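Q: If it helps, the file is called my_file09.pdb and holds PDB, C-alpha atoms and all ligand atoms:
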ATOM      1  CA  MET A   1       0.086   3.766  -3.311
ATOM      2  CA  ALA A   2      -1.869   0.556  -4.005
ATOM      3  CA  GLU A   3      -5.540   0.679  -3.097
ATOM      4  CA  ILE A   4      -6.732  -1.482  -0.233
ATOM      5  CA  ARG A   5      -9.617  -3.834  -1.080
ATOM      6  CA  GLU A   6     -12.527  -4.605   1.213
ATOM      7  CA  LEU A   7     -12.442  -7.941   2.994
ATOM      8  CA  GLY A   8     -14.931 -10.582   1.922
ATOM      9  CA  SER A   9     -17.618 -11.881   4.290
ATOM     10  CA  SER A  10     -15.748 -15.152   5.033
ATOM     11  CA  GLU A  11     -12.598 -13.193   5.927
ATOM     12  CA  LYS A  12     -14.550 -10.882   8.240
ATOM     13  CA  ALA A  13     -16.302 -13.876   9.840
ATOM     14  CA  PHE A  14     -12.926 -15.535  10.456
ATOM     15  CA  LEU A  15     -11.583 -12.451  12.285
ATOM     16  CA  GLU A  16     -14.785 -11.698  14.209
ATOM     17  CA  ALA A  17     -13.939 -13.570  17.443
ATOM     18  CA  PHE A  18     -10.542 -11.862  17.656
ATOM     19  CA  LEU A  19     -11.670  -8.251  17.188
ATOM     20  CA  PRO A  20     -11.630  -5.797  20.121
ATOM     21  CA  GLN A  21     -14.381  -6.104  22.664
ATOM     22  CA  GLU A  22     -15.290  -3.834  25.532
ATOM     23  CA  VAL A  23     -13.138  -4.700  28.515
ATOM     24  CA  ASN A  24     -14.004  -3.616  32.014
ATOM     25  CA  SER A  25     -10.404  -3.073  33.080
ATOM     26  CA  ASP A  26      -7.765  -0.395  33.490
ATOM     27  CA  LEU A  27      -6.026  -1.993  30.479
ATOM     28  CA  PRO A  28      -7.104  -1.639  26.853
ATOM     29  CA  PHE A  29      -7.955  -4.637  24.645
ATOM     30  CA  VAL A  30      -4.573  -5.654  23.201
ATOM     31  CA  THR A  31      -4.058  -7.334  19.832
ATOM     32  CA  LEU A  32      -0.548  -8.515  18.994
ATOM     33  CA  THR A  33      -0.164  -8.771  15.233
ATOM     34  CA  TYR A  34       2.786  -9.250  12.916
ATOM     35  CA  ALA A  35       3.968 -11.034   9.777
ATOM     36  CA  GLN A  36       6.582 -13.773   9.985
ATOM     37  CA  SER A  37       8.345 -16.214   7.700
ATOM     38  CA  LEU A  38       8.263 -20.007   8.050
ATOM     39  CA  ASP A  39      11.432 -19.742  10.152
ATOM     40  CA  SER A  40       9.828 -17.241  12.588
ATOM     41  CA  LYS A  41      11.698 -14.216  11.224
ATOM     42  CA  ILE A  42      10.117 -10.802  10.802
ATOM     43  CA  SER A  43      12.871  -9.175   8.735
ATOM     44  CA  LEU A  44      15.920 -10.138   6.649
ATOM     45  CA  GLY A  45      18.276  -8.447   9.119
ATOM     46  CA  PRO A  46      18.312  -5.877  11.930
ATOM     47  CA  GLY A  47      16.771  -2.634  10.727
ATOM     48  CA  LEU A  48      15.930  -3.991   7.270
ATOM     49  CA  ARG A  49      12.447  -3.269   6.025
ATOM     50  CA  THR A  50      11.135  -6.571   4.648
ATOM     51  CA  THR A  51       7.822  -7.056   2.888
ATOM     52  CA  LEU A  52       6.495 -10.421   4.005
ATOM     53  CA  SER A  53       2.731 -10.298   3.539
ATOM     54  CA  GLY A  54       0.891 -10.160   0.223
ATOM     55  CA  PRO A  55      -1.844  -7.669  -0.812
ATOM     56  CA  GLU A  56      -4.616  -9.855   0.655
ATOM     57  CA  THR A  57      -3.165  -9.718   4.163
ATOM     58  CA  LYS A  58      -2.361  -6.030   3.759
ATOM     59  CA  ALA A  59      -6.123  -5.501   3.388
ATOM     60  CA  MET A  60      -6.628  -7.450   6.620
ATOM     61  CA  THR A  61      -4.098  -5.250   8.441
ATOM     62  CA  HIS A  62      -5.957  -2.095   7.377
ATOM     63  CA  PHE A  63      -9.299  -3.654   8.358
ATOM     64  CA  LEU A  64      -7.840  -4.413  11.802
ATOM     65  CA  ARG A  65      -6.466  -0.885  12.092
ATOM     66  CA  LEU A  66      -9.985   0.436  11.496
ATOM     67  CA  LYS A  67     -11.194  -1.621  14.473
ATOM     68  CA  HIS A  68      -8.551  -0.365  16.928
ATOM     69  CA  ASP A  69      -8.105   2.990  18.677
ATOM     70  CA  ALA A  70      -4.282   2.888  18.479
ATOM     71  CA  ILE A  71      -1.346   1.208  16.700
ATOM     72  CA  LEU A  72       1.862   0.788  18.701
ATOM     73  CA  VAL A  73       5.426   0.115  17.478
ATOM     74  CA  GLY A  74       8.914   0.290  18.986
ATOM     75  CA  VAL A  75      11.206   3.147  17.986
ATOM     76  CA  ALA A  76      13.530   0.913  15.921
ATOM     77  CA  THR A  77      10.596   0.038  13.648
ATOM     78  CA  ALA A  78       9.575   3.686  13.379
ATOM     79  CA  MET A  79      13.140   4.554  12.359
ATOM     80  CA  ALA A  80      13.932   1.597  10.078
ATOM     81  CA  ASP A  81      10.589   1.248   8.260
ATOM     82  CA  ASN A  82       9.241   4.821   8.455
ATOM     83  CA  PRO A  83       5.705   3.337   8.511
ATOM     84  CA  GLY A  84       2.569   5.445   7.953
ATOM     85  CA  LEU A  85       0.717   3.804  10.875
ATOM     86  CA  ASN A  86      -2.616   4.947   9.475
ATOM     87  CA  CYS A  87      -5.684   3.191   8.084
ATOM     88  CA  ARG A  88      -6.380   3.077   4.344
ATOM     89  CA  TYR A  89      -9.320   0.677   4.521
ATOM     90  CA  PRO A  90     -12.195   1.816   2.257
ATOM     91  CA  GLY A  91     -14.430   4.238   4.161
ATOM     92  CA  ALA A  92     -11.828   5.174   6.799
ATOM     93  CA  THR A  93     -12.236   8.826   7.779
ATOM     94  CA  ALA A  94      -9.936  11.281   9.554
ATOM     95  CA  GLU A  95     -11.994  10.622  12.708
ATOM     96  CA  SER A  96     -11.754   6.829  12.503
ATOM     97  CA  GLN A  97      -7.963   6.829  12.151
ATOM     98  CA  PRO A  98      -6.094   4.932  14.885
ATOM     99  CA  ARG A  99      -3.669   6.872  17.072
ATOM    100  CA  PRO A 100      -0.022   6.043  16.191
ATOM    101  CA  VAL A 101       2.006   5.319  19.331
ATOM    102  CA  VAL A 102       5.815   4.961  19.292
ATOM    103  CA  VAL A 103       7.609   3.585  22.360
ATOM    104  CA  ASP A 104      10.894   5.460  22.464
ATOM    105  CA  SER A 105      12.786   5.533  25.779
ATOM    106  CA  GLU A 106      15.173   8.448  25.020
ATOM    107  CA  PRO A 107      13.306   9.726  22.788
ATOM    108  CA  LYS A 108      15.277   9.634  19.527
ATOM    109  CA  TRP A 109      12.639   9.256  16.799
ATOM    110  CA  GLN A 110      12.752  12.177  14.322
ATOM    111  CA  TYR A 111       8.964  12.569  14.089
ATOM    112  CA  ASN A 112       9.407  15.793  12.054
ATOM    113  CA  SER A 113      10.610  13.915   8.995
ATOM    114  CA  SER A 114       8.381  10.860   9.510
ATOM    115  CA  LYS A 115       5.675   9.549   7.220
ATOM    116  CA  VAL A 116       3.364   9.521  10.252
ATOM    117  CA  LEU A 117       3.538  13.311  10.611
ATOM    118  CA  GLU A 118       3.369  13.802   6.845
ATOM    119  CA  LEU A 119       0.083  11.845   6.759
ATOM    120  CA  THR A 120      -1.201  13.766   9.780
ATOM    121  CA  LYS A 121      -0.589  17.049   7.981
ATOM    122  CA  GLU A 122      -2.518  15.688   4.974
ATOM    123  CA  GLY A 123      -5.455  14.766   7.240
ATOM    124  CA  LYS A 124      -4.861  11.037   6.625
ATOM    125  CA  GLY A 125      -3.833  10.096  10.140
ATOM    126  CA  LYS A 126      -3.689  11.271  13.742
ATOM    127  CA  GLY A 127      -0.707  12.977  15.385
ATOM    128  CA  PRO A 128       1.687  10.492  17.023
ATOM    129  CA  TRP A 129       2.026   9.893  20.722
ATOM    130  CA  ILE A 130       5.599   9.187  21.828
ATOM    131  CA  ILE A 131       5.928   7.165  25.016
ATOM    132  CA  THR A 132       9.222   7.942  26.656
ATOM    133  CA  MET A 133      10.982   7.503  30.010
ATOM    134  CA  ARG A 134      10.551  10.211  32.632
ATOM    135  CA  GLN A 135      13.969  11.796  33.069
ATOM    136  CA  GLY A 136      13.628  14.751  35.458
ATOM    137  CA  LYS A 137      14.144  17.301  32.657
ATOM    138  CA  ASP A 138      11.722  19.292  30.499
ATOM    139  CA  GLN A 139       9.766  16.707  28.518
ATOM    140  CA  SER A 140       6.886  18.908  27.423
ATOM    141  CA  THR A 141       5.467  18.339  23.935
ATOM    142  CA  PRO A 142       7.100  20.627  21.314
ATOM    143  CA  GLU A 143       4.667  23.061  19.629
ATOM    144  CA  ASP A 144       5.173  21.548  16.152
ATOM    145  CA  LEU A 145       3.982  18.166  17.470
ATOM    146  CA  LYS A 146       1.228  19.581  19.694
ATOM    147  CA  LYS A 147      -0.399  21.523  16.871
ATOM    148  CA  HIS A 148      -0.916  18.266  14.983
ATOM    149  CA  GLY A 149      -2.445  16.504  17.986
ATOM    150  CA  GLY A 150       0.756  14.661  18.888
ATOM    151  CA  GLU A 151       2.101  14.305  22.410
ATOM    152  CA  ILE A 152       5.221  13.283  24.321
ATOM    153  CA  ILE A 153       4.152  11.036  27.208
ATOM    154  CA  PRO A 154       6.881  10.545  29.831
ATOM    155  CA  LEU A 155       6.320   7.479  32.055
ATOM    156  CA  GLU A 156       8.143   6.071  35.066
ATOM    157  CA  PRO A 157      10.441   3.129  34.288
ATOM    158  CA  THR A 158      10.201   1.570  37.752
ATOM    159  CA  THR A 159       6.673   0.375  38.633
ATOM    160  CA  GLY A 160       4.397  -2.479  37.506
ATOM    161  CA  ILE A 161       5.356  -5.789  35.912
ATOM    162  CA  PRO A 162       9.108  -5.775  35.134
ATOM    163  CA  THR A 163       9.883  -5.830  31.422
ATOM    164  CA  ALA A 164      12.348  -8.555  30.578
ATOM    165  CA  PRO A 165      14.885  -8.804  29.119
ATOM    166  CA  THR A 166      15.747  -5.112  28.645
ATOM    167  CA  SER A 167      16.377  -3.339  31.939
ATOM    168  CA  GLY A 168      15.560   0.316  32.459
ATOM    169  CA  HIS A 169      12.534   0.234  30.191
ATOM    170  CA  ILE A 170       8.967   1.220  30.927
ATOM    171  CA  PRO A 171       6.877  -1.712  32.177
ATOM    172  CA  TRP A 172       4.282  -2.730  29.622
ATOM    173  CA  ASP A 173       1.375  -2.570  32.044
ATOM    174  CA  THR A 174       2.328   1.063  32.771
ATOM    175  CA  ILE A 175       2.355   1.859  29.035
ATOM    176  CA  LEU A 176      -0.990   0.166  28.412
ATOM    177  CA  LYS A 177      -2.695   1.686  31.461
ATOM    178  CA  SER A 178      -1.578   5.154  30.449
ATOM    179  CA  LEU A 179      -3.112   4.619  26.989
ATOM    180  CA  LYS A 180      -6.376   3.471  28.549
ATOM    181  CA  LYS A 181      -6.428   6.570  30.785
ATOM    182  CA  ARG A 182      -6.150   8.650  27.592
ATOM    183  CA  GLY A 183      -9.253   7.023  26.130
ATOM    184  CA  ILE A 184      -7.591   4.233  24.116
ATOM    185  CA  ASN A 185      -9.837   1.175  24.513
ATOM    186  CA  SER A 186      -8.041  -1.035  22.014
ATOM    187  CA  VAL A 187      -4.458  -1.144  20.778
ATOM    188  CA  MET A 188      -2.831  -3.109  17.990
ATOM    189  CA  ILE A 189       0.814  -3.868  18.760
ATOM    190  CA  GLU A 190       2.593  -4.322  15.411
ATOM    191  CA  GLY A 191       6.296  -4.754  16.220
ATOM    192  CA  GLY A 192       9.190  -4.885  15.948
ATOM    193  CA  ALA A 193      11.136  -7.876  17.224
ATOM    194  CA  ASN A 194      12.072  -6.458  20.634
ATOM    195  CA  VAL A 195       8.483  -5.422  21.358
ATOM    196  CA  ILE A 196       6.931  -8.689  20.081
ATOM    197  CA  THR A 197       9.429 -10.845  21.982
ATOM    198  CA  ASN A 198       8.623  -9.054  25.246
ATOM    199  CA  ILE A 199       4.870  -9.027  24.713
ATOM    200  CA  LEU A 200       4.805 -12.767  23.906
ATOM    201  CA  GLY A 201       6.159 -13.330  27.405
ATOM    202  CA  MET A 202       3.244 -11.432  29.014
ATOM    203  CA  PRO A 203       0.070 -13.388  28.203
ATOM    204  CA  GLU A 204      -1.809 -11.558  30.967
ATOM    205  CA  LEU A 205      -1.652  -8.338  28.928
ATOM    206  CA  VAL A 206      -2.674  -9.741  25.512
ATOM    207  CA  ASP A 207      -6.232 -10.488  24.336
ATOM    208  CA  SER A 208      -5.723 -11.578  20.714
ATOM    209  CA  VAL A 209      -2.812 -12.721  18.600
ATOM    210  CA  ILE A 210      -3.016 -12.476  14.800
ATOM    211  CA  ILE A 211       0.040 -13.756  12.926
ATOM    212  CA  THR A 212       0.483 -13.694   9.159
ATOM    213  CA  ILE A 213       2.701 -16.557   8.041
ATOM    214  CA  ALA A 214       4.299 -15.914   4.657
ATOM    215  CA  PRO A 215       5.402 -18.961   2.618
ATOM    216  CA  THR A 216       9.096 -18.123   2.696
ATOM    217  CA  TRP A 217      12.198 -18.781   4.767
ATOM    218  CA  LEU A 218      14.242 -15.634   5.420
ATOM    219  CA  GLY A 219      17.324 -17.574   6.485
ATOM    220  CA  THR A 220      19.708 -17.544   9.417
ATOM    221  CA  GLY A 221      20.590 -13.838   9.172
ATOM    222  CA  GLY A 222      16.963 -12.817   9.709
ATOM    223  CA  VAL A 223      15.507 -11.303  12.882
ATOM    224  CA  THR A 224      13.681 -13.978  14.894
ATOM    225  CA  VAL A 225      10.726 -13.416  17.182
ATOM    226  CA  SER A 226      10.466 -15.823  20.067
ATOM    227  CA  PRO A 227       9.791 -15.301  23.765
ATOM    228  CA  ALA A 228      12.583 -16.014  26.238
ATOM    229  CA  SER A 229      12.959 -19.697  27.225
ATOM    230  CA  LYS A 230      11.343 -20.846  30.471
ATOM    231  CA  THR A 231      11.900 -23.570  33.026
ATOM    232  CA  GLU A 232       9.580 -24.982  35.652
ATOM    233  CA  ASP A 233      10.935 -27.051  38.563
ATOM    234  CA  GLY A 234      14.266 -27.057  36.779
ATOM    235  CA  LYS A 235      12.786 -28.551  33.567
ATOM    236  CA  PRO A 236      12.478 -26.726  30.246
ATOM    237  CA  THR A 237       8.894 -25.748  29.374
ATOM    238  CA  SER A 238       7.444 -24.097  26.289
ATOM    239  CA  ALA A 239       7.832 -20.329  26.422
ATOM    240  CA  ALA A 240       4.322 -19.437  25.210
ATOM    241  CA  ASN A 241       1.332 -21.247  23.730
ATOM    242  CA  LEU A 242      -1.548 -20.214  21.528
ATOM    243  CA  THR A 243      -5.009 -21.463  22.377
ATOM    244  CA  ASP A 244      -8.427 -21.115  20.624
ATOM    245  CA  THR A 245      -6.512 -21.233  17.334
ATOM    246  CA  LYS A 246      -8.115 -20.619  13.936
ATOM    247  CA  TYR A 247      -6.499 -20.133  10.556
ATOM    248  CA  HIS A 248      -7.539 -18.778   7.162
ATOM    249  CA  GLN A 249      -5.754 -18.411   3.853
ATOM    250  CA  PHE A 250      -5.314 -14.868   2.532
ATOM    251  CA  GLY A 251      -3.785 -15.191  -0.950
ATOM    252  CA  ALA A 252      -0.523 -17.100  -0.526
ATOM    253  CA  ASP A 253      -0.310 -16.304   3.219
ATOM    254  CA  VAL A 254      -1.848 -18.141   6.153
ATOM    255  CA  VAL A 255      -3.266 -16.057   8.979
ATOM    256  CA  LEU A 256      -3.232 -17.766  12.359
ATOM    257  CA  CYS A 257      -5.302 -16.282  15.207
ATOM    258  CA  GLY A 258      -5.389 -17.330  18.836
ATOM    259  CA  ARG A 259      -4.989 -16.295  22.447
ATOM    260  CA  LEU A 260      -1.905 -16.596  24.606
ATOM    261  CA  GLU A 261      -2.223 -19.107  27.423
ATOM    262  CA  THR A 262      -0.184 -19.286  30.558
ATOM    263  CA  VAL A 263       0.206 -23.071  30.933
ATOM    264  CA  GLN A 264       3.474 -24.388  29.519
ATOM    265  CA  MET A 265       4.315 -27.722  27.909
ATOM    266  CA  GLN A 266       6.971 -29.538  29.911
ATOM    267  CA  ALA A 267       9.736 -31.640  28.399
ATOM    268  CA  ARG A 268       9.251 -35.390  29.000
ATOM    269  CA  SER A 269      11.620 -36.819  31.621
TER     270      SER A 269
HETATM  271  N1  LIG B 301       7.206  -8.411   9.963
HETATM  272  C1  LIG B 301       6.575  -7.583  10.773
HETATM  273  O1  LIG B 301       5.388  -7.750  11.047
HETATM  274  C2  LIG B 301       7.313  -6.408  11.365
HETATM  275  C3  LIG B 301       6.589  -5.434  12.051
HETATM  276  C4  LIG B 301       7.285  -4.362  12.624
HETATM  277  C5  LIG B 301       8.666  -4.302  12.507
HETATM  278  N2  LIG B 301       9.333  -5.267  11.831
HETATM  279  C6  LIG B 301      10.815  -5.227  11.743
HETATM  280  O2  LIG B 301      11.342  -5.267  13.056
HETATM  281  C7  LIG B 301      12.656  -4.659  13.038
HETATM  282  C8  LIG B 301      12.756  -3.715  14.213
HETATM  283  O3  LIG B 301      12.669  -4.457  15.406
HETATM  284  P1  LIG B 301      13.625  -4.169  16.647
HETATM  285  O4  LIG B 301      13.584  -5.344  17.540
HETATM  286  O5  LIG B 301      14.947  -3.735  16.135
HETATM  287  O6  LIG B 301      12.999  -2.899  17.332
HETATM  288  P2  LIG B 301      11.550  -2.465  17.881
HETATM  289  O7  LIG B 301      10.918  -3.577  18.632
HETATM  290  O8  LIG B 301      10.767  -1.838  16.778
HETATM  291  O9  LIG B 301      11.974  -1.274  18.862
HETATM  292  C9  LIG B 301      12.713  -1.584  20.008
HETATM  293  C10 LIG B 301      13.051  -0.336  20.771
HETATM  294  O10 LIG B 301      11.871   0.313  21.227
HETATM  295  C11 LIG B 301      12.090   0.873  22.508
HETATM  296  N3  LIG B 301      11.253   0.150  23.484
HETATM  297  C12 LIG B 301      10.681  -1.061  23.336
HETATM  298  N4  LIG B 301      10.017  -1.403  24.454
HETATM  299  C13 LIG B 301      10.176  -0.382  25.327
HETATM  300  C14 LIG B 301       9.722  -0.156  26.646
HETATM  301  N5  LIG B 301       8.978  -1.051  27.299
HETATM  302  N6  LIG B 301      10.098   0.998  27.244
HETATM  303  C15 LIG B 301      10.843   1.914  26.578
HETATM  304  N7  LIG B 301      11.312   1.751  25.323
HETATM  305  C16 LIG B 301      10.976   0.610  24.702
HETATM  306  C17 LIG B 301      13.570   0.604  22.846
HETATM  307  O11 LIG B 301      14.304   1.718  22.398
HETATM  308  P3  LIG B 301      15.727   2.109  23.110
HETATM  309  O12 LIG B 301      16.683   1.007  22.749
HETATM  310  O13 LIG B 301      16.065   3.421  22.506
HETATM  311  O14 LIG B 301      15.498   2.174  24.575
HETATM  312  C18 LIG B 301      13.866  -0.634  22.018
HETATM  313  O15 LIG B 301      15.224  -0.820  21.722
HETATM  314  C19 LIG B 301      12.771  -3.948  11.696
HETATM  315  O16 LIG B 301      13.631  -4.691  10.858
HETATM  316  C20 LIG B 301      11.363  -3.962  11.155
HETATM  317  O17 LIG B 301      11.350  -3.995   9.744
HETATM  318  C21 LIG B 301       8.702  -6.322  11.244
END
Spit out the file's structure as structure tokens when you get a sec.

A:
Amino acid sequence: MAEIRELGSSEKAFLEAFLPQEVNSDLPFVTLTYAQSLDSKISLGPGLRTTLSGPETKAMTHFLRLKHDAILVGVATAMADNPGLNCRYPGATAESQPRPVVVDSEPKWQYNSSKVLELTKEGKGKGPWIITMRQGKDQSTPEDLKKHGGEIIPLEPTTGIPTAPTSGHIPWDTILKSLKKRGINSVMIEGGANVITNILGMPELVDSVIITIAPTWLGTGGVTVSPASKTEDGKPTSAANLTDTKYHQFGADVVLCGRLETVQMQARS
């Protein structure tokens, strides 16, 4: 596996304002981060693992992972990409590893054969937490997961801010509050499309947005990330806006940072 380089001082300075800070809240500090093409796609097709970012931005991702207590992905990403969800930044220790969190309503993720558990067994990552829907049956954590520090966390699908557009899912504020209660002060949400699309529509839950833009178009068959359209007083408005924006070039990629704002741009009448 390719070694991860250390970021330079200008790269660290660029990211500084968007790194986790202490928040006096029942929610953790939330960073939404992902890599997209010029046509706002994050993969070539549903379930297709697609490398978009170059080695320079990979180093940034591992630097960011070092600064967060947890990394969260949706189950489709865990299944399609089989990601390691650990930190390989120089100097990262077993202790400083982020907690991998997979949101999996059923749950259906085969953690036993996952790279996450393989790395945990090698002491290169923490045991995964699997957030699932409470179902009125035995949902205790199996011994093979428990002994590696992993946990099944069943949560109610019915309280808090409703999660659009998928019904019957766990509200995102419930997920984030439960992480905070377990000592997670900062979480990096990394994908996939379903998760990003929903989170982009909830600016009140997100503190930082860090998007890698790769200089490529994936084409019309690719998986797009975009929040659901909105209207105000019957007129179309923008669905989400970034504010406090800053950008920096990492190799051939551009990294755009900002914060989600709640005010929309209205169409001219
Ligand atoms: N370029 C990038 O930065 C990047 C990063 C990550 C992933 N990806 C790509 O993204 C694609 C996968 O995206 P995806 O949209 O198919 O799936 P996804 O977002 O990874 O996972 C979606 C699934 O997670 C579960 N889930 C999400 N929110 C939930 C909630 N609030 N409560 C309960 N369960 C919840 C649901 O599972 P159920 O349907 O079982 O309920 C949902 O269908 C892959 O191609 C991957 O390569 C790209």

Q: Here's the selection I'm unsure about, the PyMOL selection byres (((chain A and resi 186) around 8) and not hetatm); applied to the file above, which residues does it give, as a list in words?

A: Pro20, Pro28, Phe29, Val30, Thr31, His68, Asp69, Ala70, Ile184, Asn185, Val187 and Met188 of chain A

Q: State, in Å with one decimal place, the distance from CA of Leu176 in chain A to CA of Gly125 in chain A.

A: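 Computing the Euclidean distance for CA of Leu176 in chain A and CA of Gly125 in chain A yields 21.0 Å.
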
Q: Grab me every residue within 7 Å of ligand LIG 301 (chain B), counting all atoms listed in the file, and send it over as a VMD selection string.

A: chain A and resid 34 to 36 42 to 43 45 to 50 52 73 to 78 80 to 81 103 to 108 132 to 133 163 169 to 172 190 to 196

Q: Restricting the calculation to only C-alpha atoms, which member of A:Ser238, A:Ser178, A:Ser208, A:Thr216 is positioned closest to Leu256 in chain A?

A: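 That would be A:Ser208, the residue with the smallest distance to Leu256 in chain A.
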
Q: If you measure from CA of Thr243 in chain A to CA of Gly54 in chain A, what distance in Å do you get, rounded to one decimal?

A: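 Distance reported for this atom pair: 25.6 Å.
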
Q: Go through the shown structure with the PyMOL selection byres (((chain A and resi 146) around 12) and not hetatm) and write out the matching residues as a ChimeraX atom specification.

A: /A:111-112,117,120,126-130,140-145,147-153

Q: Restricting it to C-alpha atoms, dump the selection as an mmCIF file, keeping the file's coordinate frame.

A:
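Writing done, so here's result_23.cif:
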data_model
loop_
_atom_site.group_PDB
_atom_site.id
_atom_site.type_symbol
_atom_site.label_atom_id
_atom_site.label_comp_id
_atom_site.auth_asym_id
_atom_site.auth_seq_id
_atom_site.Cartn_x
_atom_site.Cartn_y
_atom_site.Cartn_z
ATOM 1 C CA TYR A 111 8.964 12.569 14.089
ATOM 2 C CA ASN A 112 9.407 15.793 12.054
ATOM 3 C CA LEU A 117 3.538 13.311 10.611
ATOM 4 C CA THR A 120 -1.201 13.766 9.780
ATOM 5 C CA LYS A 126 -3.689 11.271 13.742
ATOM 6 C CA GLY A 127 -0.707 12.977 15.385
ATOM 7 C CA PRO A 128 1.687 10.492 17.023
ATOM 8 C CA TRP A 129 2.026 9.893 20.722
ATOM 9 C CA ILE A 130 5.599 9.187 21.828
ATOM 10 C CA SER A 140 6.886 18.908 27.423
ATOM 11 C CA THR A 141 5.467 18.339 23.935
ATOM 12 C CA PRO A 142 7.100 20.627 21.314
ATOM 13 C CA GLU A 143 4.667 23.061 19.629
ATOM 14 C CA ASP A 144 5.173 21.548 16.152
ATOM 15 C CA LEU A 145 3.982 18.166 17.470
ATOM 16 C CA LYS A 147 -0.399 21.523 16.871
ATOM 17 C CA HIS A 148 -0.916 18.266 14.983
ATOM 18 C CA GLY A 149 -2.445 16.504 17.986
ATOM 19 C CA GLY A 150 0.756 14.661 18.888
ATOM 20 C CA GLU A 151 2.101 14.305 22.410
ATOM 21 C CA ILE A 152 5.221 13.283 24.321
ATOM 22 C CA ILE A 153 4.152 11.036 27.208
#

Q: To one decimal place, how far is CA of Leu200 in chain A from CA of Leu66 in chain A in Å?

A: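 Interatomic distance, CA of Leu200 in chain A to CA of Leu66 in chain A: 23.4 Å.
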
Q: Out of A:Gln21, A:Ser226, A:Asn198, A:Thr262, which residue has the shortest atom-to-atom distance to Leu242 in chain A when counting all atoms listed in the file?

A: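 Counting all atoms listed in the file, the residue closest to Leu242 in chain A is A:Thr262.
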
Q: So that I can see what lies close to Ala214 in chain A, please list as a VMD selection string the residues with an atom at most 7 Å from it, counting all atoms listed in the file and leaving out residues fewer than 6 positions away in the same chain.

A: chain A and resid 36 to 38 52 to 53 253 to 254

Q: Apply the PyMOL selection byres (((chain A and resi 86) around 9) and not hetatm) to the file shown and report the selected residues as a list in words.

A: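 When the PyMOL selection byres (((chain A and resi 86) around 9) and not hetatm) is applied to the shown file, the picked residues are His62, Arg65, Leu66, Ile71, Pro83, Gly84, Leu85, Cys87, Arg88, Gln97, Pro98, Arg99, Pro100, Val116, Leu119, Thr120, Lys124, Gly125 and Lys126 of chain A.
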